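Undergrad: Here you go, input-v1.csv (CSV, C-alpha atoms and all ligand atoms):
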chain,number,residue,atom,x,y,z
S,1,MET,CA,102.4,82.5,49.7
S,2,THR,CA,100.7,80.7,52.6
S,3,THR,CA,99.0,82.7,55.3
S,4,ALA,CA,101.8,81.7,57.7
S,5,ASP,CA,104.4,83.4,55.4
S,6,PRO,CA,105.5,86.9,56.2
S,7,LEU,CA,104.3,89.6,53.7
S,8,LEU,CA,107.9,90.9,53.4
S,9,GLN,CA,111.1,89.0,54.1
S,10,VAL,CA,114.3,90.8,53.6
S,11,THR,CA,117.5,88.7,53.9
S,12,ASP,CA,121.0,90.0,54.0
S,13,LEU,CA,120.2,92.9,51.7
S,14,GLN,CA,123.3,94.8,50.5
S,15,ALA,CA,123.2,98.0,48.5
S,16,TYR,CA,126.4,99.8,47.6
S,17,PHE,CA,127.2,103.2,45.9
S,18,HIS,CA,130.2,103.2,43.6
S,19,GLY,CA,132.3,106.4,43.6
S,20,PHE,CA,134.0,108.1,40.7
S,21,LYS,CA,135.6,105.6,38.4
S,22,GLY,CA,134.6,102.9,40.8
S,23,ARG,CA,137.4,104.0,43.2
S,24,ARG,CA,135.3,104.2,46.4
S,25,VAL,CA,132.5,101.9,47.4
S,26,VAL,CA,130.1,103.0,50.0
S,27,GLN,CA,128.3,100.1,51.7
S,28,ALA,CA,125.1,102.0,52.4
S,29,VAL,CA,123.0,99.0,53.2
S,30,ASP,CA,125.1,96.2,54.7
S,31,GLY,CA,123.4,92.9,55.4
S,32,VAL,CA,120.0,94.1,56.4
S,33,SER,CA,117.5,91.4,57.4
S,34,PHE,CA,113.9,91.7,58.8
S,35,THR,CA,110.4,90.3,58.3
S,36,LEU,CA,107.0,92.1,58.3
S,37,ASN,CA,103.7,90.3,58.5
S,38,ALA,CA,100.5,91.5,56.8
S,39,GLY,CA,98.9,94.4,58.7
S,40,GLU,CA,102.0,94.9,60.9
S,41,THR,CA,103.8,98.2,61.5
S,42,MET,CA,107.5,98.3,61.8
S,43,GLY,CA,109.5,101.4,62.8
S,44,LEU,CA,112.9,101.8,61.1
S,45,VAL,CA,114.8,104.2,63.3
S,46,GLY,CA,118.2,105.8,63.6
S,47,GLU,CA,119.8,109.2,63.2
S,48,SER,CA,120.1,110.9,59.8
S,49,GLY,CA,122.7,109.3,57.7
S,50,CYS,CA,122.2,105.7,59.0
S,51,SER,CA,120.7,104.5,55.6
S,52,LYS,CA,117.1,104.2,56.6
S,53,THR,CA,115.9,105.9,53.4
S,54,THR,CA,118.4,104.0,51.2
S,55,THR,CA,117.1,100.7,52.7
S,56,CYS,CA,113.5,101.7,51.7
S,57,HIS,CA,114.6,102.7,48.2
S,58,ALA,CA,116.4,99.4,47.9
S,59,LEU,CA,113.1,97.5,48.8
S,60,PHE,CA,111.5,99.3,45.8
S,61,ARG,CA,114.6,98.7,43.7
S,62,LEU,CA,114.7,102.4,43.2
S,63,LEU,CA,118.3,103.3,44.0
S,64,PRO,CA,119.8,106.4,42.3
S,65,GLY,CA,122.4,106.0,39.5
S,66,ALA,CA,125.5,105.1,41.4
S,67,GLY,CA,123.6,102.8,43.8
S,68,GLN,CA,123.3,99.1,43.2
S,69,ILE,CA,121.8,96.2,45.1
S,70,VAL,CA,124.8,93.8,45.2
S,71,GLY,CA,123.3,90.9,47.3
S,72,GLY,CA,120.5,89.6,49.4
S,73,SER,CA,116.9,88.7,48.9
S,74,ILE,CA,113.6,90.7,49.0
S,75,ARG,CA,110.6,88.3,49.2
S,76,PHE,CA,107.4,90.2,49.0
S,77,ASN,CA,103.9,88.8,48.8
S,78,GLY,CA,105.3,85.3,47.9
S,79,GLU,CA,107.6,86.5,45.2
S,80,GLU,CA,111.3,87.3,44.9
S,81,LEU,CA,111.6,91.0,43.9
S,82,MET,CA,115.3,90.6,43.0
S,83,GLU,CA,114.2,88.4,40.1
S,84,LYS,CA,111.6,90.8,38.7
S,85,THR,CA,112.3,92.8,35.4
S,86,PRO,CA,112.1,96.6,35.6
S,87,ARG,CA,108.7,96.4,33.9
S,88,GLU,CA,107.4,94.0,36.5
S,89,MET,CA,108.7,96.2,39.3
S,90,GLN,CA,106.8,99.1,37.8
S,91,GLN,CA,103.6,97.2,38.1
S,92,ILE,CA,104.4,96.2,41.7
S,93,ARG,CA,105.2,99.7,42.8
S,94,GLY,CA,102.0,101.7,43.4
S,95,ARG,CA,99.8,98.6,43.1
S,96,ASP,CA,101.3,96.3,45.8
S,97,MET,CA,103.7,98.5,47.6
S,98,ALA,CA,103.6,102.3,47.8
S,99,MET,CA,105.7,105.1,49.4
S,100,ILE,CA,104.9,108.3,51.3
S,101,LEU,CA,107.8,110.7,51.1
S,102,GLN,CA,108.9,113.3,53.7
S,103,ASP,CA,108.3,116.3,51.4
S,104,PRO,CA,104.8,116.0,49.8
S,105,MET,CA,105.9,118.4,47.1
S,106,ALA,CA,108.4,115.8,45.9
S,107,SER,CA,105.4,113.5,45.1
S,108,LEU,CA,102.9,116.1,43.9
S,109,ASP,CA,103.2,117.7,40.4
S,110,PRO,CA,102.2,121.4,40.6
S,111,LEU,CA,100.8,121.3,37.1
S,112,PHE,CA,98.2,118.6,37.7
S,113,THR,CA,95.0,118.7,39.7
S,114,ILE,CA,94.6,116.7,42.9
S,115,PHE,CA,92.1,114.5,41.0
S,116,ASP,CA,94.6,113.7,38.3
S,117,GLN,CA,97.3,112.7,40.8
S,118,VAL,CA,95.1,110.7,43.2
S,119,ALA,CA,93.3,109.0,40.2
S,120,GLU,CA,96.5,107.9,38.4
S,121,PRO,CA,97.4,104.7,40.5
S,122,ALA,CA,93.7,103.6,40.5
S,123,TYR,CA,93.5,104.2,36.7
S,124,TYR,CA,96.7,102.3,35.9
S,125,HIS,CA,96.8,99.6,38.6
S,126,ARG,CA,93.1,99.0,39.2
S,127,ARG,CA,91.8,99.9,35.8
S,128,LEU,CA,89.0,102.1,37.2
S,129,ARG,CA,87.4,104.5,34.7
S,130,ARG,CA,84.9,107.4,34.5
S,131,LYS,CA,82.3,107.5,37.3
S,132,THR,CA,83.9,104.6,39.3
S,133,LEU,CA,87.3,106.4,39.2
S,134,ARG,CA,85.7,109.7,40.3
S,135,ARG,CA,83.9,107.9,43.1
S,136,ARG,CA,87.1,106.2,44.2
S,137,VAL,CA,89.0,109.5,44.3
S,138,VAL,CA,86.2,111.1,46.4
S,139,ASP,CA,86.3,108.1,48.8
S,140,LEU,CA,90.1,108.3,49.1
S,141,LEU,CA,90.1,112.0,49.8
S,142,THR,CA,87.3,111.5,52.3
S,143,SER,CA,89.3,108.7,54.0
S,144,VAL,CA,92.3,111.1,54.5
S,145,ARG,CA,89.9,113.8,55.9
S,146,ILE,CA,90.0,116.3,53.0
S,147,PRO,CA,87.0,118.5,53.5
S,148,SER,CA,84.7,119.0,50.5
S,149,PRO,CA,86.5,116.4,48.4
S,150,GLU,CA,84.3,117.0,45.3
S,151,ILE,CA,85.5,120.6,45.2
S,152,ARG,CA,89.1,120.2,46.4
S,153,MET,CA,89.9,117.5,43.9
S,154,GLY,CA,89.6,120.1,41.1
S,155,GLU,CA,92.3,122.3,42.8
S,156,TYR,CA,96.1,122.3,42.5
S,157,PRO,CA,98.7,121.4,45.2
S,158,HIS,CA,99.6,125.0,45.8
S,159,GLN,CA,96.0,125.6,47.0
S,160,MET,CA,96.4,123.1,49.8
S,161,SER,CA,98.0,123.6,53.3
S,162,GLY,CA,101.1,121.5,54.2
S,163,GLY,CA,99.0,119.1,56.2
S,164,MET,CA,96.5,118.6,53.4
S,165,ARG,CA,99.3,118.0,50.9
S,166,GLN,CA,100.7,115.2,53.1
S,167,ARG,CA,97.2,113.7,53.5
S,168,ILE,CA,96.8,113.8,49.7
S,169,VAL,CA,100.1,112.0,49.2
S,170,GLY,CA,98.6,109.4,51.7
S,171,ALA,CA,95.5,109.1,49.4
S,172,MET,CA,97.8,108.6,46.4
S,173,ALA,CA,99.6,105.8,48.2
S,174,LEU,CA,96.3,104.1,49.0
S,175,ALA,CA,94.9,104.5,45.5
S,176,GLY,CA,96.4,101.3,44.1
S,177,GLU,CA,95.2,99.3,47.2
S,178,PRO,CA,98.7,98.3,48.3
S,179,LYS,CA,99.6,95.6,50.8
S,180,LEU,CA,102.6,97.6,52.1
S,181,ILE,CA,103.2,101.3,52.5
S,182,VAL,CA,106.6,102.7,53.4
S,183,ALA,CA,106.2,106.1,55.1
S,184,ASP,CA,109.6,107.9,55.1
S,185,GLU,CA,109.6,110.5,57.9
S,186,PRO,CA,106.0,111.6,56.8
S,187,THR,CA,105.5,114.0,59.7
S,188,THR,CA,108.9,115.8,59.7
S,189,ASN,CA,107.5,118.9,57.7
S,190,LEU,CA,104.3,119.1,59.8
S,191,ASP,CA,103.8,121.1,62.9
S,192,VAL,CA,103.2,119.2,66.1
S,193,THR,CA,99.4,119.3,66.3
S,194,ILE,CA,99.1,118.3,62.6
S,195,GLN,CA,101.7,115.6,63.2
S,196,LEU,CA,99.4,114.0,65.8
S,197,GLN,CA,96.4,114.1,63.5
S,198,TYR,CA,98.4,112.6,60.7
S,199,LEU,CA,99.7,109.7,62.8
S,200,ASN,CA,96.1,109.0,64.1
S,201,LEU,CA,94.9,109.1,60.5
S,202,LEU,CA,97.6,106.6,59.3
S,203,ARG,CA,96.6,104.3,62.2
S,204,ASP,CA,92.9,104.5,61.3
S,205,ILE,CA,93.7,103.8,57.7
S,206,GLN,CA,95.8,100.8,58.7
S,207,LYS,CA,93.0,99.4,60.8
S,208,GLU,CA,90.5,99.8,58.0
S,209,THR,CA,92.6,98.5,55.2
S,210,GLY,CA,94.9,96.0,56.9
S,211,VAL,CA,97.9,97.4,55.0
S,212,ALA,CA,101.4,96.8,56.5
S,213,LEU,CA,103.4,99.8,57.3
S,214,ILE,CA,107.1,100.6,57.5
S,215,PHE,CA,107.5,103.8,59.4
S,216,VAL,CA,110.8,105.5,58.9
S,217,THR,CA,111.7,108.0,61.6
S,218,HIS,CA,114.4,109.3,63.9
S,219,ASN,CA,111.7,109.8,66.6
S,220,LEU,CA,111.4,106.8,69.0
S,221,GLY,CA,108.4,108.5,70.6
S,222,ILE,CA,106.4,108.1,67.3
S,223,VAL,CA,107.5,104.5,67.1
S,224,ALA,CA,106.1,103.8,70.5
S,225,LYS,CA,102.8,105.2,69.4
S,226,MET,CA,102.6,103.6,66.0
S,227,CYS,CA,104.5,100.4,65.7
S,228,ASP,CA,104.4,96.7,66.7
S,229,LYS,CA,108.1,96.2,66.2
S,230,VAL,CA,111.2,98.2,65.6
S,231,ALA,CA,114.5,97.9,63.8
S,232,VAL,CA,117.3,100.3,64.9
S,233,MET,CA,119.7,101.2,62.1
S,234,TYR,CA,123.3,102.4,62.5
S,235,ALA,CA,125.8,103.0,59.7
S,236,GLY,CA,123.9,100.7,57.2
S,237,LYS,CA,123.2,97.8,59.6
S,238,ILE,CA,120.3,96.9,61.8
S,239,VAL,CA,121.9,96.9,65.3
S,240,GLU,CA,118.8,95.8,67.2
S,241,GLN,CA,115.3,94.7,66.4
S,242,GLY,CA,112.3,93.2,68.1
S,243,ASP,CA,108.9,93.9,69.6
S,244,VAL,CA,108.5,97.5,70.5
S,245,ARG,CA,107.6,96.9,74.2
S,246,ASP,CA,110.6,94.5,74.7
S,247,ILE,CA,113.0,97.0,73.2
S,248,TYR,CA,111.6,100.0,75.1
S,249,ASN,CA,111.6,98.1,78.4
S,250,ALA,CA,115.0,96.6,78.1
S,251,PRO,CA,117.2,97.8,75.2
S,252,GLN,CA,120.2,95.5,74.6
S,253,HIS,CA,122.3,97.7,72.3
S,254,PRO,CA,123.9,100.9,73.7
S,255,TYR,CA,122.9,102.8,70.6
S,256,THR,CA,119.2,101.9,71.2
S,257,GLU,CA,119.6,102.9,74.8
S,258,ALA,CA,121.1,106.2,73.8
S,259,LEU,CA,118.2,106.9,71.4
S,260,LEU,CA,115.7,106.2,74.1
S,261,LYS,CA,117.6,108.4,76.6
S,262,SER,CA,117.4,111.3,74.1
S,263,ILE,CA,113.6,111.4,73.9
S,264,PRO,CA,112.4,114.6,75.6
S,265,LYS,CA,110.1,113.9,78.6
S,266,ILE,CA,107.3,116.3,79.6
S,267,GLY,CA,108.0,117.9,83.0
S,268,ASP,CA,111.6,116.7,83.1
S,269,LYS,CA,113.7,119.9,83.7
S,270,SER,CA,117.1,118.3,83.5
S,271,GLU,CA,119.3,118.9,80.5
S,272,LEU,CA,118.3,116.9,77.4
S,273,TYR,CA,120.6,113.9,76.7
S,274,VAL,CA,122.5,114.2,73.5
S,275,ILE,CA,124.4,111.2,72.0
S,276,PRO,CA,128.0,112.3,71.8
S,277,GLY,CA,129.7,112.5,68.4
S,278,GLN,CA,128.1,112.0,64.9
S,279,PRO,CA,127.2,108.9,62.9
S,280,PRO,CA,130.2,107.8,60.9
S,281,ASN,CA,130.9,108.7,57.3
S,282,LEU,CA,129.8,105.5,55.4
S,283,ALA,CA,132.9,105.9,53.2
S,284,GLU,CA,135.2,105.9,56.1
S,285,LEU,CA,133.8,103.4,58.7
S,286,PRO,CA,135.7,102.6,61.8
S,287,THR,CA,137.1,99.2,62.5
S,288,GLY,CA,135.2,96.7,64.7
S,289,CYS,CA,131.8,97.8,65.9
S,290,TYR,CA,130.8,100.9,64.0
S,291,PHE,CA,129.4,102.5,67.2
S,292,HIS,CA,132.5,102.1,69.2
S,293,PRO,CA,133.8,105.7,68.9
S,294,ARG,CA,130.6,106.9,70.6
S,295,CYS,CA,129.8,104.0,72.9
S,296,PRO,CA,130.2,104.5,76.6
S,297,SER,CA,130.6,100.7,77.1
S,298,ALA,CA,133.2,100.0,74.4
S,299,PHE,CA,136.1,97.7,75.2
S,300,ASP,CA,139.0,96.3,73.3
S,301,GLN,CA,137.2,93.6,71.3
S,302,CYS,CA,134.7,96.3,70.1
S,303,ARG,CA,137.5,98.3,68.4
S,304,SER,CA,138.8,95.3,66.3
S,305,GLU,CA,135.9,92.9,65.7
S,306,MET,CA,132.4,93.6,64.3
S,307,PRO,CA,129.9,91.8,66.5
S,308,PRO,CA,127.5,89.4,64.7
S,309,ASP,CA,123.7,89.6,65.0
S,310,PHE,CA,123.0,87.8,68.3
S,311,VAL,CA,119.6,86.1,68.4
S,312,LEU,CA,117.8,86.7,71.6
S,313,GLY,CA,114.5,84.9,70.8
S,314,HIS,CA,111.0,86.0,69.8
S,315,GLY,CA,112.4,87.8,66.7
S,316,ARG,CA,114.7,89.9,68.8
S,317,THR,CA,118.4,90.4,67.8
S,318,ALA,CA,121.2,92.7,68.9
S,319,ARG,CA,124.6,93.3,67.3
S,320,CYS,CA,126.7,94.0,70.4
S,321,TRP,CA,129.5,92.0,72.1
S,322,LEU,CA,127.9,92.8,75.5
S,323,VAL,CA,125.2,90.2,74.8
S,324,SER,CA,127.5,87.6,73.3
S,325,ASN,CA,128.0,85.7,76.5
S,326,GLU,CA,124.3,85.2,77.1
S,327,VAL,CA,123.1,84.0,73.7
S,328,ARG,CA,124.1,82.0,70.7
S,329,SER,CA,125.3,83.7,67.6
S,330,GLY,CA,122.6,84.1,64.8
Z,1,LIG,FE1,129.3,99.3,72.4
Z,1,LIG,FE2,131.0,97.3,72.0
Z,1,LIG,FE3,128.4,96.9,72.0
Z,1,LIG,FE4,129.6,98.2,70.0
Z,1,LIG,S1,129.9,96.0,70.5
Z,1,LIG,S2,127.7,98.7,71.0
Z,1,LIG,S3,131.1,99.3,71.0
Z,1,LIG,S4,129.6,97.6,73.7
Translate this structure into structure tokens?
TA:
Amino acid sequence: MTTADPLLQVTDLQAYFHGFKGRRVVQAVDGVSFTLNAGETMGLVGESGCSKTTTCHALFRLLPGAGQIVGGSIRFNGEELMEKTPREMQQIRGRDMAMILQDPMASLDPLFTIFDQVAEPAYYHRRLRRKTLRRRVVDLLTSVRIPSPEIRMGEYPHQMSGGMRQRIVGAMALAGEPKLIVADEPTTNLDVTIQLQYLNLLRDIQKETGVALIFVTHNLGIVAKMCDKVAVMYAGKIVEQGDVRDIYNAPQHPYTEALLKSIPKIGDKSELYVIPGQPPNLAELPTGCYFHPRCPSAFDQCRSEMPPDFVLGHGRTARCWLVSNEVRSG
């Protein structure tokens, strides 16, 4: 990998779920492509059910039983992850790429101390032992602002508050010294003041370590605060992506526009905008553009033909017929 190469390059990634006796195939991730440079933060946004989490699991090649990656490429740190054996992937996970889940209790084992759980990635992936390992755990807990780390590391997850548990999961993710962290809605279970502290903490850690971050959220307000670029997902596809400021200033896709309109604004007493309808069932997708049943700008072509990814320059793309006359097809 040269310094000019992106840290992560995902090309036309497809992940499907096969139904009972293979009768129904759900195209959960359908031709997803994006790049992420070292130290960059990308927001992956969209409503629940748009396959943001499945996309992240696919990056780690960790799809549940019925899920399968059926096509595409995941180049990470100069290597093709699709060519790795399960054992090689085990080495890469935790050491080079790590994940922070929405519910910290899904990552923490109630039967083990905080020390055991934070030490594990450093023990296996960085081969730290005894005093060096202990020092590393104390440093990691200090870096995620756990008070009295020497004492707290002897305690169990149930003795921690929700905010502390989420920070400990952050320490576990950092323990292997990864180049990429995927944080899947890490603030959803935290109250608003703790959310802000956690976001600031993630940003500080990123500045200190230079780790790249994929931030999965349905909250575009958080993306504005945290991210350099953003990819908007709808029904298993990225419908718009680019630099955060470009997209916030001039969204090209009606779905992005609707998400931006639905951010609550302080002092605005008018009724909160709600996107009409629901995201589609991935097993029964509409014809044409998947957003057309909810789109205020839909016209005939939208109902019959899926728009391609139109390239708008500077890493910006939008999958909408409205931009088709202005740009060349990607
Ligand atoms: Fe709306 Fe048509 Fe654009 Fe789809 S292609 S987002 S339906 S205008």
Undergrad: Tell me which of S:Phe291, S:Ala318, S:Asp309, S:Gly39 sits closest to ligand LIG 1 (chain Z), counting all atoms listed in the file.
TA: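 For ligand LIG 1 (chain Z), the nearest of the given residues is S:Phe291.
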Undergrad: Can you measure atom CA of Phe112 of chain S to atom CA of Met99 of chain S for me? One decimal in Å is fine.
TA: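 Calculated distance between atom CA of Phe112 of chain S and atom CA of Met99 of chain S is 19.4 Å.
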Undergrad: Could you check the closest approach to Tyr124 of chain S for each of S:Arg95, S:Lys237, S:Lys84, S:Arg145 and tell me which residue wins, using all atoms listed in the file?
TA: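 Comparing S:Arg95, S:Lys237, S:Lys84, S:Arg145 against Tyr124 of chain S, the winner is S:Arg95.
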Undergrad: Which is closer to Leu201 of chain S than all the others in S:Ser143, S:Glu185, S:His314, S:Ser161, using only C-alpha atoms?
TA: S:Ser143
Undergrad: I need the residue nearest Asp5 of chain S from this list: S:Glu155, S:Asp228, S:Glu305, S:Glu79. Use all atoms listed in the file for the distance.
TA: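 For Asp5 of chain S, the nearest of the candidates is S:Glu79.
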Undergrad: Sorted by chain and rising residue number, list the residues of chain S at most 8 Å from ligand LIG 1 (chain Z) (counting only C-alpha atoms and all ligand atoms), each with its closest atom pair and distance in Å to one decimal, as a tab-separated table.
TA:
residue	atom	partner	partner_atom	distance
S:His253	CA	Z:LIG1	S2	5.6
S:Pro254	CA	Z:LIG1	S2	5.2
S:Tyr255	CA	Z:LIG1	S2	6.3
S:Gly288	CA	Z:LIG1	FE4	7.9
S:Cys289	CA	Z:LIG1	FE4	4.7
S:Tyr290	CA	Z:LIG1	FE4	6.7
S:Phe291	CA	Z:LIG1	FE4	5.1
S:His292	CA	Z:LIG1	S3	3.6
S:Pro293	CA	Z:LIG1	S3	7.3
S:Arg294	CA	Z:LIG1	S3	7.6
S:Cys295	CA	Z:LIG1	FE1	4.8
S:Pro296	CA	Z:LIG1	FE1	6.7
S:Ser297	CA	Z:LIG1	S4	4.7
S:Ala298	CA	Z:LIG1	S3	4.1
S:Phe299	CA	Z:LIG1	FE2	6.0
S:Gln301	CA	Z:LIG1	FE2	7.3
S:Cys302	CA	Z:LIG1	FE2	4.3
S:Arg303	CA	Z:LIG1	S3	7.0
S:Met306	CA	Z:LIG1	S1	7.1
S:Pro307	CA	Z:LIG1	S1	5.8
S:Arg319	CA	Z:LIG1	S1	6.8
S:Cys320	CA	Z:LIG1	FE3	3.7
S:Trp321	CA	Z:LIG1	S1	4.3
S:Leu322	CA	Z:LIG1	S4	5.4
S:Val323	CA	Z:LIG1	FE3	7.9
Undergrad: Can you work out which one of S:Leu140, S:Glu40, S:Leu7, S:Gln102 has the shortest atom-to-atom distance to Glu80 of chain S, counting all atoms listed in the file?
TA: S:Leu7
Undergrad: Which residue is closest to Ala175 of chain S? Choose from S:Arg245, S:Arg203, S:Arg152, S:Arg134 and count only C-alpha atoms.
TA: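 The shortest atom-to-atom distance to Ala175 of chain S comes from S:Arg134.
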Undergrad: Between atom CA of Leu44 of chain S and atom CA of Gln252 of chain S, what is the distance in Å, rounded to a tenth?
TA: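 Distance between the two atoms: 16.6 Å.
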Undergrad: Pick out the residues sitting within 12 Å of segment 266-279 of chain S, and hand them over as a PyMOL selection string; count all atoms listed in the file, and ignore anything fewer than 3 positions along from it in its own chain.
TA: chain S and resi 46-51+221+233-236+254-263+282-286+290-296
Undergrad: Can you tell me, as a PyMOL selection string, what residues are no more than 7 Å from Val32 of chain S when counting all atoms listed in the file, ignoring any on the same chain fewer than 4 positions away?
TA: chain S and resi 11-14+237-238
Undergrad: For the atom pair atom CA of Ala98 of chain S and atom CA of Arg316 of chain S, what is the interatomic distance in Å to one decimal place?
TA: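 If I compute the distance from atom CA of Ala98 of chain S to atom CA of Arg316 of chain S, I get 26.8 Å.
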Undergrad: Fewer than 6 positions away in the same chain doesn't count, so skip those; otherwise give me all residues within 7 Å of segment 54-58 of chain S, counting all atoms listed in the file, as a compact mmCIF listing (two decimals) with C-alpha atoms, in the coordinates of the input.
TA:
# COMPACT_ATOMS: atom_id res chain seq x y z
CA ALA S 15 123.20 98.00 48.50
CA VAL S 29 123.00 99.00 53.20
CA ILE S 69 121.80 96.20 45.10
Undergrad: Excluding Pro186 of chain S and its own-chain neighbours fewer than 3 positions away, which residues fall within 8 Å of it when counting only C-alpha atoms? Please give them as a ChimeraX atom specification.
TA: /S:100-103,166,183,189
Undergrad: Asp109 of chain S: which residues within 10 Å, counting all atoms listed in the file, same-chain residues fewer than 5 positions away excluded, as a list in words?
TA: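 Residues near the query, excluding close chain neighbours: Pro104, Ile114, Asp116, Gln117, Tyr156, Pro157 and His158 of chain S.
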Undergrad: Tell me which residues come within 10 Å of (105.7, 91.3, 57.7), as a count of residues only, counting all atoms listed in the file in the file's coordinates.
TA: 21
